[in-house]
file data_25.txt (compact mmCIF, N, CA and C atoms and all ligand atoms)
# COMPACT_ATOMS: atom_id res chain seq x y z
N MET A 2 39.40 -41.28 -71.19
CA MET A 2 39.52 -42.73 -71.08
C MET A 2 40.84 -43.18 -71.69
N SER A 3 41.55 -44.04 -70.99
CA SER A 3 42.78 -44.54 -71.56
C SER A 3 42.44 -45.48 -72.70
N GLU A 4 43.41 -45.71 -73.60
CA GLU A 4 43.16 -46.59 -74.72
C GLU A 4 42.80 -48.00 -74.24
N THR A 5 43.51 -48.44 -73.20
CA THR A 5 43.26 -49.78 -72.68
C THR A 5 41.83 -49.90 -72.16
N GLU A 6 41.43 -48.86 -71.43
CA GLU A 6 40.09 -48.89 -70.86
C GLU A 6 39.05 -48.88 -71.98
N ALA A 7 39.26 -48.03 -73.00
CA ALA A 7 38.30 -47.93 -74.10
C ALA A 7 38.19 -49.24 -74.84
N ASN A 8 39.31 -49.92 -75.01
CA ASN A 8 39.31 -51.15 -75.79
C ASN A 8 38.77 -52.34 -75.03
N SER A 9 38.69 -52.21 -73.71
CA SER A 9 38.33 -53.39 -72.92
C SER A 9 36.82 -53.52 -72.71
N VAL A 10 36.04 -52.59 -73.20
CA VAL A 10 34.60 -52.65 -72.99
C VAL A 10 33.88 -52.74 -74.32
N SER A 11 33.07 -53.78 -74.48
CA SER A 11 32.36 -53.97 -75.74
C SER A 11 31.05 -53.17 -75.72
N PRO A 12 30.46 -52.93 -76.89
CA PRO A 12 29.16 -52.26 -76.93
C PRO A 12 28.11 -53.02 -76.12
N GLU A 13 28.18 -54.35 -76.15
CA GLU A 13 27.22 -55.15 -75.38
C GLU A 13 27.38 -54.91 -73.88
N GLN A 14 28.64 -54.79 -73.46
CA GLN A 14 28.87 -54.54 -72.03
C GLN A 14 28.34 -53.16 -71.62
N ILE A 15 28.45 -52.21 -72.52
CA ILE A 15 27.94 -50.86 -72.23
C ILE A 15 26.42 -50.89 -72.09
N VAL A 16 25.76 -51.61 -72.98
CA VAL A 16 24.30 -51.71 -72.92
C VAL A 16 23.89 -52.42 -71.63
N ALA A 17 24.60 -53.50 -71.28
CA ALA A 17 24.28 -54.24 -70.06
C ALA A 17 24.49 -53.36 -68.83
N ALA A 18 25.55 -52.56 -68.85
CA ALA A 18 25.83 -51.68 -67.71
C ALA A 18 24.75 -50.61 -67.58
N ASP A 19 24.31 -50.06 -68.71
CA ASP A 19 23.25 -49.05 -68.67
C ASP A 19 21.97 -49.64 -68.10
N SER A 20 21.69 -50.86 -68.50
CA SER A 20 20.48 -51.52 -68.03
C SER A 20 20.57 -51.80 -66.52
N LEU A 21 21.71 -52.31 -66.08
CA LEU A 21 21.88 -52.59 -64.65
C LEU A 21 21.85 -51.30 -63.83
N ARG A 22 22.45 -50.24 -64.37
CA ARG A 22 22.44 -48.95 -63.66
C ARG A 22 21.00 -48.49 -63.42
N ALA A 23 20.15 -48.69 -64.43
CA ALA A 23 18.74 -48.28 -64.29
C ALA A 23 18.04 -49.14 -63.23
N VAL A 24 18.38 -50.43 -63.18
CA VAL A 24 17.78 -51.30 -62.16
C VAL A 24 18.21 -50.85 -60.75
N LEU A 25 19.49 -50.57 -60.60
CA LEU A 25 20.01 -50.15 -59.29
C LEU A 25 19.35 -48.83 -58.87
N GLU A 26 19.23 -47.93 -59.82
CA GLU A 26 18.59 -46.64 -59.53
C GLU A 26 17.15 -46.87 -59.08
N GLY A 27 16.47 -47.77 -59.78
CA GLY A 27 15.08 -48.08 -59.41
C GLY A 27 15.00 -48.63 -58.00
N ASN A 28 15.91 -49.53 -57.66
CA ASN A 28 15.93 -50.09 -56.29
C ASN A 28 16.06 -48.99 -55.25
N LEU A 29 16.97 -48.07 -55.50
CA LEU A 29 17.22 -47.00 -54.53
C LEU A 29 16.04 -46.02 -54.50
N GLU A 30 15.47 -45.72 -55.65
CA GLU A 30 14.32 -44.81 -55.70
C GLU A 30 13.11 -45.42 -55.01
N ASN A 31 13.03 -46.73 -55.04
CA ASN A 31 11.89 -47.41 -54.41
C ASN A 31 12.08 -47.61 -52.91
N GLY A 32 13.12 -47.01 -52.37
CA GLY A 32 13.26 -46.98 -50.92
C GLY A 32 14.11 -48.08 -50.32
N LEU A 33 14.94 -48.75 -51.13
CA LEU A 33 15.84 -49.75 -50.56
C LEU A 33 16.63 -49.12 -49.42
N LYS A 34 16.57 -49.75 -48.25
CA LYS A 34 17.24 -49.18 -47.07
C LYS A 34 18.70 -49.62 -47.05
N THR A 35 19.60 -48.67 -47.16
CA THR A 35 21.02 -49.02 -47.22
C THR A 35 21.74 -48.52 -45.96
N GLU A 36 22.88 -49.13 -45.69
CA GLU A 36 23.62 -48.82 -44.46
C GLU A 36 24.55 -47.63 -44.70
N ILE A 37 23.95 -46.45 -44.68
CA ILE A 37 24.69 -45.23 -45.06
C ILE A 37 25.79 -44.90 -44.03
N GLU A 38 25.50 -45.19 -42.78
CA GLU A 38 26.46 -44.92 -41.70
C GLU A 38 26.53 -46.15 -40.81
N PRO A 39 27.64 -46.33 -40.09
CA PRO A 39 28.83 -45.47 -40.08
C PRO A 39 29.61 -45.57 -41.38
N ARG A 40 30.29 -44.47 -41.74
CA ARG A 40 31.13 -44.47 -42.94
C ARG A 40 32.37 -45.34 -42.69
N ALA A 41 33.00 -45.74 -43.77
CA ALA A 41 34.17 -46.62 -43.65
C ALA A 41 35.44 -45.77 -43.76
N TYR A 42 35.78 -45.10 -42.66
CA TYR A 42 36.96 -44.24 -42.70
C TYR A 42 38.24 -44.98 -42.30
N SER A 43 38.12 -45.87 -41.32
CA SER A 43 39.33 -46.57 -40.87
C SER A 43 39.50 -47.87 -41.66
N SER A 44 40.72 -48.41 -41.66
CA SER A 44 40.94 -49.65 -42.40
C SER A 44 40.16 -50.80 -41.77
N GLU A 45 39.94 -50.75 -40.44
CA GLU A 45 39.14 -51.80 -39.80
C GLU A 45 37.71 -51.76 -40.32
N GLU A 46 37.17 -50.55 -40.44
CA GLU A 46 35.79 -50.42 -40.93
C GLU A 46 35.68 -50.89 -42.39
N VAL A 47 36.68 -50.51 -43.18
CA VAL A 47 36.68 -50.94 -44.59
C VAL A 47 36.74 -52.47 -44.64
N ASN A 48 37.65 -53.05 -43.88
CA ASN A 48 37.82 -54.51 -43.92
C ASN A 48 36.56 -55.25 -43.51
N GLU A 49 35.86 -54.71 -42.52
CA GLU A 49 34.65 -55.36 -42.05
C GLU A 49 33.58 -55.36 -43.14
N ILE A 50 33.43 -54.24 -43.82
CA ILE A 50 32.40 -54.15 -44.87
C ILE A 50 32.81 -55.00 -46.08
N VAL A 51 34.09 -54.94 -46.42
CA VAL A 51 34.58 -55.76 -47.53
C VAL A 51 34.32 -57.24 -47.24
N ALA A 52 34.58 -57.67 -46.02
CA ALA A 52 34.38 -59.08 -45.67
C ALA A 52 32.92 -59.48 -45.85
N ARG A 53 32.02 -58.59 -45.51
CA ARG A 53 30.59 -58.90 -45.70
C ARG A 53 30.26 -58.97 -47.20
N LEU A 54 30.81 -58.05 -47.97
CA LEU A 54 30.54 -58.06 -49.42
C LEU A 54 31.07 -59.34 -50.06
N GLN A 55 32.17 -59.83 -49.53
CA GLN A 55 32.79 -61.02 -50.13
C GLN A 55 31.97 -62.29 -49.90
N THR A 56 30.99 -62.23 -49.01
CA THR A 56 30.13 -63.41 -48.80
C THR A 56 28.98 -63.45 -49.81
N LEU A 57 28.81 -62.38 -50.60
CA LEU A 57 27.67 -62.29 -51.52
C LEU A 57 27.97 -62.95 -52.86
N GLU A 58 26.89 -63.42 -53.50
CA GLU A 58 27.00 -63.83 -54.90
C GLU A 58 27.31 -62.59 -55.72
N GLU A 59 28.08 -62.76 -56.79
CA GLU A 59 28.46 -61.61 -57.61
C GLU A 59 27.24 -60.84 -58.13
N ALA A 60 26.16 -61.57 -58.41
CA ALA A 60 24.98 -60.93 -59.01
C ALA A 60 23.99 -60.41 -57.96
N ASP A 61 24.36 -60.48 -56.69
CA ASP A 61 23.44 -59.99 -55.65
C ASP A 61 23.61 -58.48 -55.53
N HIS A 62 23.19 -57.78 -56.57
CA HIS A 62 23.46 -56.35 -56.65
C HIS A 62 22.75 -55.55 -55.57
N SER A 63 21.53 -55.94 -55.26
CA SER A 63 20.82 -55.10 -54.31
C SER A 63 21.43 -55.22 -52.91
N LYS A 64 21.92 -56.42 -52.55
CA LYS A 64 22.59 -56.57 -51.25
C LYS A 64 23.90 -55.75 -51.23
N LYS A 65 24.55 -55.68 -52.37
CA LYS A 65 25.76 -54.84 -52.44
C LYS A 65 25.42 -53.39 -52.15
N LEU A 66 24.30 -52.93 -52.72
CA LEU A 66 23.88 -51.54 -52.47
C LEU A 66 23.64 -51.32 -50.98
N VAL A 67 22.99 -52.31 -50.35
CA VAL A 67 22.64 -52.19 -48.93
C VAL A 67 23.91 -52.11 -48.09
N ILE A 68 24.79 -53.09 -48.25
CA ILE A 68 25.97 -53.20 -47.37
C ILE A 68 26.94 -52.04 -47.60
N ALA A 69 27.09 -51.63 -48.85
CA ALA A 69 28.02 -50.52 -49.14
C ALA A 69 27.41 -49.16 -48.82
N GLY A 70 26.12 -49.13 -48.51
CA GLY A 70 25.51 -47.86 -48.10
C GLY A 70 25.31 -46.87 -49.23
N PHE A 71 24.83 -47.36 -50.36
CA PHE A 71 24.63 -46.48 -51.51
C PHE A 71 23.53 -45.45 -51.26
N THR A 72 23.73 -44.28 -51.86
CA THR A 72 22.70 -43.24 -51.89
C THR A 72 22.67 -42.65 -53.30
N LEU A 73 21.53 -42.08 -53.66
CA LEU A 73 21.37 -41.47 -54.99
C LEU A 73 21.95 -40.06 -55.04
N GLU A 74 22.23 -39.50 -53.88
CA GLU A 74 22.86 -38.18 -53.80
C GLU A 74 24.16 -38.33 -53.03
N ALA A 75 25.08 -37.43 -53.30
CA ALA A 75 26.36 -37.48 -52.60
C ALA A 75 26.16 -37.32 -51.09
N TYR A 76 26.75 -38.22 -50.34
CA TYR A 76 26.75 -38.09 -48.87
C TYR A 76 27.62 -36.90 -48.50
N ASN A 77 27.19 -36.18 -47.47
CA ASN A 77 28.00 -35.06 -46.99
C ASN A 77 28.02 -35.10 -45.47
N PRO A 78 29.22 -35.17 -44.86
CA PRO A 78 29.31 -35.31 -43.41
C PRO A 78 28.99 -34.02 -42.65
N GLY A 79 28.91 -32.88 -43.35
CA GLY A 79 28.61 -31.62 -42.67
C GLY A 79 27.71 -30.77 -43.53
N ASP A 80 28.04 -29.48 -43.63
CA ASP A 80 27.21 -28.64 -44.49
C ASP A 80 28.05 -27.85 -45.50
N ASP A 81 29.29 -28.30 -45.70
CA ASP A 81 30.14 -27.67 -46.72
C ASP A 81 30.06 -28.52 -47.99
N GLU A 82 29.55 -27.92 -49.07
CA GLU A 82 29.36 -28.75 -50.27
C GLU A 82 30.68 -29.26 -50.85
N ASP A 83 31.79 -28.66 -50.45
CA ASP A 83 33.09 -29.18 -50.88
C ASP A 83 33.38 -30.55 -50.28
N ASP A 84 32.63 -30.92 -49.25
CA ASP A 84 32.85 -32.21 -48.60
C ASP A 84 31.96 -33.32 -49.17
N ASP A 85 31.25 -33.03 -50.25
CA ASP A 85 30.41 -34.06 -50.87
C ASP A 85 31.24 -35.30 -51.21
N GLN A 86 30.72 -36.45 -50.84
CA GLN A 86 31.40 -37.71 -51.15
C GLN A 86 30.71 -38.38 -52.34
N ALA A 87 30.86 -37.78 -53.51
CA ALA A 87 30.19 -38.28 -54.71
C ALA A 87 31.09 -39.24 -55.48
N CYS A 88 30.47 -40.17 -56.18
CA CYS A 88 31.24 -41.09 -57.00
C CYS A 88 32.19 -40.35 -57.93
N GLU A 89 31.75 -39.24 -58.48
CA GLU A 89 32.57 -38.56 -59.49
C GLU A 89 33.93 -38.10 -58.96
N THR A 90 34.07 -37.96 -57.64
CA THR A 90 35.36 -37.56 -57.08
C THR A 90 36.07 -38.73 -56.38
N CYS A 91 35.52 -39.90 -56.51
CA CYS A 91 36.08 -41.07 -55.81
C CYS A 91 37.17 -41.73 -56.66
N MET A 92 38.18 -42.24 -55.98
CA MET A 92 39.30 -42.88 -56.71
C MET A 92 38.89 -44.15 -57.44
N TYR A 93 37.75 -44.71 -57.09
CA TYR A 93 37.32 -45.96 -57.74
C TYR A 93 36.42 -45.72 -58.95
N TYR A 94 36.13 -44.46 -59.25
CA TYR A 94 35.16 -44.13 -60.31
C TYR A 94 35.84 -44.01 -61.66
N LEU A 95 35.31 -44.76 -62.64
CA LEU A 95 35.79 -44.63 -64.02
C LEU A 95 34.85 -43.68 -64.74
N VAL A 96 35.33 -42.48 -65.01
CA VAL A 96 34.45 -41.41 -65.46
C VAL A 96 33.78 -41.71 -66.79
N HIS A 97 34.50 -42.26 -67.75
CA HIS A 97 33.91 -42.44 -69.09
C HIS A 97 32.95 -43.63 -69.15
N ARG A 98 33.05 -44.52 -68.18
CA ARG A 98 32.12 -45.66 -68.14
C ARG A 98 31.06 -45.48 -67.08
N LYS A 99 31.17 -44.44 -66.25
CA LYS A 99 30.29 -44.26 -65.09
C LYS A 99 30.20 -45.60 -64.34
N PHE A 100 31.37 -46.02 -63.88
CA PHE A 100 31.49 -47.36 -63.31
C PHE A 100 32.37 -47.32 -62.07
N CYS A 101 31.99 -48.12 -61.05
CA CYS A 101 32.79 -48.24 -59.83
C CYS A 101 33.65 -49.49 -59.94
N GLU A 102 34.97 -49.29 -59.89
CA GLU A 102 35.86 -50.45 -60.05
C GLU A 102 36.42 -50.96 -58.73
N LEU A 103 35.77 -50.62 -57.62
CA LEU A 103 36.16 -51.27 -56.37
C LEU A 103 35.87 -52.77 -56.55
N PRO A 104 36.86 -53.64 -56.37
CA PRO A 104 36.69 -55.05 -56.71
C PRO A 104 35.46 -55.70 -56.09
N GLU A 105 35.10 -55.33 -54.88
CA GLU A 105 33.94 -55.95 -54.23
C GLU A 105 32.62 -55.38 -54.73
N LEU A 106 32.66 -54.32 -55.50
CA LEU A 106 31.43 -53.73 -56.04
C LEU A 106 31.34 -53.97 -57.54
N MET A 107 32.20 -53.36 -58.32
CA MET A 107 32.19 -53.51 -59.79
C MET A 107 30.77 -53.30 -60.33
N LEU A 108 30.28 -52.08 -60.11
CA LEU A 108 28.90 -51.76 -60.50
C LEU A 108 28.87 -50.48 -61.32
N PRO A 109 27.91 -50.40 -62.29
CA PRO A 109 27.69 -49.13 -62.96
C PRO A 109 27.02 -48.17 -61.98
N VAL A 110 27.47 -46.94 -61.96
CA VAL A 110 26.94 -45.94 -61.01
C VAL A 110 26.70 -44.63 -61.75
N GLU A 111 26.17 -43.65 -61.04
CA GLU A 111 26.03 -42.30 -61.57
C GLU A 111 27.01 -41.40 -60.82
N GLU A 112 27.39 -40.30 -61.46
CA GLU A 112 28.43 -39.45 -60.87
C GLU A 112 28.03 -38.87 -59.51
N ASN A 113 26.74 -38.67 -59.29
CA ASN A 113 26.32 -38.05 -58.02
C ASN A 113 25.90 -39.07 -56.97
N TRP A 114 26.03 -40.37 -57.26
CA TRP A 114 25.77 -41.37 -56.24
C TRP A 114 26.92 -41.36 -55.23
N SER A 115 26.75 -42.20 -54.21
CA SER A 115 27.75 -42.21 -53.14
C SER A 115 27.67 -43.55 -52.42
N CYS A 116 28.77 -43.91 -51.75
CA CYS A 116 28.72 -45.08 -50.87
C CYS A 116 29.77 -44.93 -49.78
N ARG A 117 29.75 -45.88 -48.83
CA ARG A 117 30.62 -45.76 -47.66
C ARG A 117 32.10 -45.90 -47.96
N PHE A 118 32.43 -46.39 -49.17
CA PHE A 118 33.84 -46.59 -49.50
C PHE A 118 34.48 -45.38 -50.16
N TRP A 119 33.74 -44.29 -50.27
CA TRP A 119 34.26 -43.12 -51.01
C TRP A 119 35.68 -42.76 -50.52
N ARG A 120 36.55 -42.60 -51.49
CA ARG A 120 37.94 -42.19 -51.21
C ARG A 120 38.37 -41.19 -52.27
N ILE A 121 39.11 -40.16 -51.86
CA ILE A 121 39.55 -39.17 -52.83
C ILE A 121 40.92 -39.55 -53.37
S1 LIG B 201 33.53 -46.75 -54.03
FE1 LIG B 201 33.48 -44.68 -54.85
S2 LIG B 201 32.90 -44.90 -57.01
FE2 LIG B 201 32.39 -46.80 -55.95
S3 LIG B 201 30.24 -46.54 -55.42
FE3 LIG B 201 31.48 -45.93 -53.65
S4 LIG B 201 31.72 -43.69 -53.87
FE4 LIG B 201 31.04 -44.51 -55.85

call {"tool": "encode", "arguments": {"input": "data_25.txt", "output": "structure tokens"}}
result
Amino acid sequence: MSETEANSVSPEQIVAADSLRAVLEGNLENGLKTEIEPRAYSSEEVNEIVARLQTLEEADHSKKLVIAGFTLEAYNPGDDEDDDQACETCMYYLVHRKFCELPELMLPVEENWSCRFWRI
């Protein structure tokens, strides 16, 4: 973690993130149906999904999960495990906070979760 990143998060924010992460996990475990495909590979696809996310209230976390196509396991487009699209290898993942910093998401996540915005 960079010094700036470490200094910018309070203990209260960490507790709140842990709590929200557990809620999101519960939603997904309880069968929340998310839009896993089509993946957002082209800029047009990304823009379309981003535009939908931008219509949501910031606290509408479960709708964010749906539109971004969250899964509790890494999505894999084939059968090579090297192709896993897990949060832990995504450019938007903050490893020490277990947090997704994509501006339209800004959600606590787990390293093995996944969504349509995965980018290496
Ligand atoms: S954008 Fe990346 S870090 Fe954020 S939820 Fe999707 S896969 Fe995970």

call {"tool": "residues_near_ligand", "arguments": {"input": "data_25.txt", "ligand": "ligand LIG 201 (chain B)", "cutoff": "8 Å", "atoms": "only C-alpha atoms and all ligand atoms", "output": "PyMOL selection string"}}
result
chain A and resi 69+71+86-95+100-103+106-108+110-112+114-120

call {"tool": "atom_distance", "arguments": {"input": "data_25.txt", "atom1": "atom CA of Leu73 of chain A", "atom2": "atom CA of Val96 of chain A"}}
result
16.8 Å

call {"tool": "atom_distance", "arguments": {"input": "data_25.txt", "atom1": "atom N of Tyr76 of chain A", "atom2": "atom C of Lys99 of chain A"}}
result
16.2 Å

call {"tool": "select_by_dssp", "arguments": {"input": "data_25.txt", "residues": "chain A", "states": "strand (DSSP E)", "output": "tab-separated table (two decimals) with N, CA and C atoms, keeping the file's coordinate frame"}}
result
chain	number	residue	atom	x	y	z
A	94	TYR	N	36.13	-44.46	-59.25
A	94	TYR	CA	35.16	-44.13	-60.31
A	94	TYR	C	35.84	-44.01	-61.66
A	95	LEU	N	35.31	-44.76	-62.64
A	95	LEU	CA	35.79	-44.63	-64.02
A	95	LEU	C	34.85	-43.68	-64.74
A	100	PHE	N	31.37	-46.02	-63.88
A	100	PHE	CA	31.49	-47.36	-63.31
A	100	PHE	C	32.37	-47.32	-62.07
A	101	CYS	N	31.99	-48.12	-61.05
A	101	CYS	CA	32.79	-48.24	-59.83
A	101	CYS	C	33.65	-49.49	-59.94
A	108	LEU	N	30.28	-52.08	-60.11
A	108	LEU	CA	28.90	-51.76	-60.50
A	108	LEU	C	28.87	-50.48	-61.32
A	109	PRO	N	27.91	-50.40	-62.29
A	109	PRO	CA	27.69	-49.13	-62.96
A	109	PRO	C	27.02	-48.17	-61.98

call {"tool": "select_by_dssp", "arguments": {"input": "data_25.txt", "residues": "segment 52-106 of chain A", "states": "alpha helix (DSSP H)", "output": "list in words"}}
result
Ala52, Arg53, Leu54, His62, Ser63, Lys64, Lys65, Leu66, Val67, Ile68 and Ala69 of chain A

call {"tool": "atom_distance", "arguments": {"input": "data_25.txt", "atom1": "atom C of Lys34 of chain A", "atom2": "atom C of Val16 of chain A"}}
result
25.3 Å

call {"tool": "closest_residue", "arguments": {"input": "data_25.txt", "among": "A:Leu25, A:Val51, A:Tyr42, A:Ala75", "to": "Ser63 of chain A", "atoms": "all atoms listed in the file"}}
result
A:Leu25

call {"tool": "closest_residue", "arguments": {"input": "data_25.txt", "among": "A:Ser44, A:Thr72, A:Val10, A:Asp81", "to": "Leu29 of chain A", "atoms": "all atoms listed in the file"}}
result
A:Thr72

call {"tool": "closest_residue", "arguments": {"input": "data_25.txt", "among": "A:Leu21, A:Ile15, A:Ile68, A:Leu33", "to": "Pro109 of chain A", "atoms": "all atoms listed in the file"}}
result
A:Leu21

call {"tool": "residues_around", "arguments": {"input": "data_25.txt", "residues": "Leu66 of chain A", "least_positions_apart": "4", "cutoff": "7 Å", "atoms": "only N, CA and C atoms", "output": "MDAnalysis selection string"}}
result
chainID A and resid 34:36 61:62 70:71

call {"tool": "decode", "arguments": {"input": "data_25.txt", "residues": "segment 31-48 of chain A", "atoms": "N, CA and C atoms", "output": "mmCIF file, in the first residue's frame"}}
result
data_model
loop_
_atom_site.group_PDB
_atom_site.id
_atom_site.type_symbol
_atom_site.label_atom_id
_atom_site.label_comp_id
_atom_site.auth_asym_id
_atom_site.auth_seq_id
_atom_site.Cartn_x
_atom_site.Cartn_y
_atom_site.Cartn_z
ATOM 1 N N ASN A 31 -27.081 -15.393 -2.050
ATOM 2 C CA ASN A 31 -28.525 -15.649 -2.027
ATOM 3 C C ASN A 31 -29.133 -15.676 -3.424
ATOM 4 N N GLY A 32 -28.287 -15.651 -4.439
ATOM 5 C CA GLY A 32 -28.778 -15.875 -5.790
ATOM 6 C C GLY A 32 -29.113 -14.632 -6.586
ATOM 7 N N LEU A 33 -28.615 -13.466 -6.161
ATOM 8 C CA LEU A 33 -28.837 -12.261 -6.964
ATOM 9 C C LEU A 33 -28.389 -12.525 -8.400
ATOM 10 N N LYS A 34 -29.294 -12.296 -9.349
ATOM 11 C CA LYS A 34 -28.984 -12.586 -10.748
ATOM 12 C C LYS A 34 -28.260 -11.397 -11.370
ATOM 13 N N THR A 35 -27.029 -11.597 -11.774
ATOM 14 C CA THR A 35 -26.246 -10.492 -12.317
ATOM 15 C C THR A 35 -25.979 -10.712 -13.809
ATOM 16 N N GLU A 36 -25.681 -9.628 -14.496
ATOM 17 C CA GLU A 36 -25.498 -9.677 -15.955
ATOM 18 C C GLU A 36 -24.042 -10.034 -16.282
ATOM 19 N N ILE A 37 -23.746 -11.319 -16.146
ATOM 20 C CA ILE A 37 -22.352 -11.774 -16.274
ATOM 21 C C ILE A 37 -21.830 -11.600 -17.712
ATOM 22 N N GLU A 38 -22.708 -11.789 -18.661
ATOM 23 C CA GLU A 38 -22.345 -11.654 -20.078
ATOM 24 C C GLU A 38 -23.408 -10.815 -20.777
ATOM 25 N N PRO A 39 -23.056 -10.170 -21.886
ATOM 26 C CA PRO A 39 -21.728 -10.161 -22.516
ATOM 27 C C PRO A 39 -20.718 -9.371 -21.694
ATOM 28 N N ARG A 40 -19.441 -9.774 -21.799
ATOM 29 C CA ARG A 40 -18.377 -9.056 -21.107
ATOM 30 C C ARG A 40 -18.164 -7.695 -21.785
ATOM 31 N N ALA A 41 -17.533 -6.799 -21.066
ATOM 32 C CA ALA A 41 -17.308 -5.451 -21.600
ATOM 33 C C ALA A 41 -15.888 -5.358 -22.161
ATOM 34 N N TYR A 42 -15.702 -5.910 -23.355
ATOM 35 C CA TYR A 42 -14.360 -5.895 -23.936
ATOM 36 C C TYR A 42 -14.106 -4.642 -24.784
ATOM 37 N N SER A 43 -15.125 -4.200 -25.510
ATOM 38 C CA SER A 43 -14.912 -3.032 -26.374
ATOM 39 C C SER A 43 -15.257 -1.752 -25.610
ATOM 40 N N SER A 44 -14.747 -0.624 -26.100
ATOM 41 C CA SER A 44 -15.043 0.631 -25.410
ATOM 42 C C SER A 44 -16.531 0.957 -25.495
ATOM 43 N N GLU A 45 -17.194 0.532 -26.587
ATOM 44 C CA GLU A 45 -18.639 0.773 -26.689
ATOM 45 C C GLU A 45 -19.383 0.012 -25.593
ATOM 46 N N GLU A 46 -18.968 -1.237 -25.371
ATOM 47 C CA GLU A 46 -19.627 -2.048 -24.338
ATOM 48 C C GLU A 46 -19.379 -1.449 -22.948
ATOM 49 N N VAL A 47 -18.145 -1.015 -22.721
ATOM 50 C CA VAL A 47 -17.823 -0.389 -21.430
ATOM 51 C C VAL A 47 -18.684 0.858 -21.248
ATOM 52 N N ASN A 48 -18.731 1.697 -22.262
ATOM 53 C CA ASN A 48 -19.477 2.955 -22.150
ATOM 54 C C ASN A 48 -20.957 2.723 -21.876
#
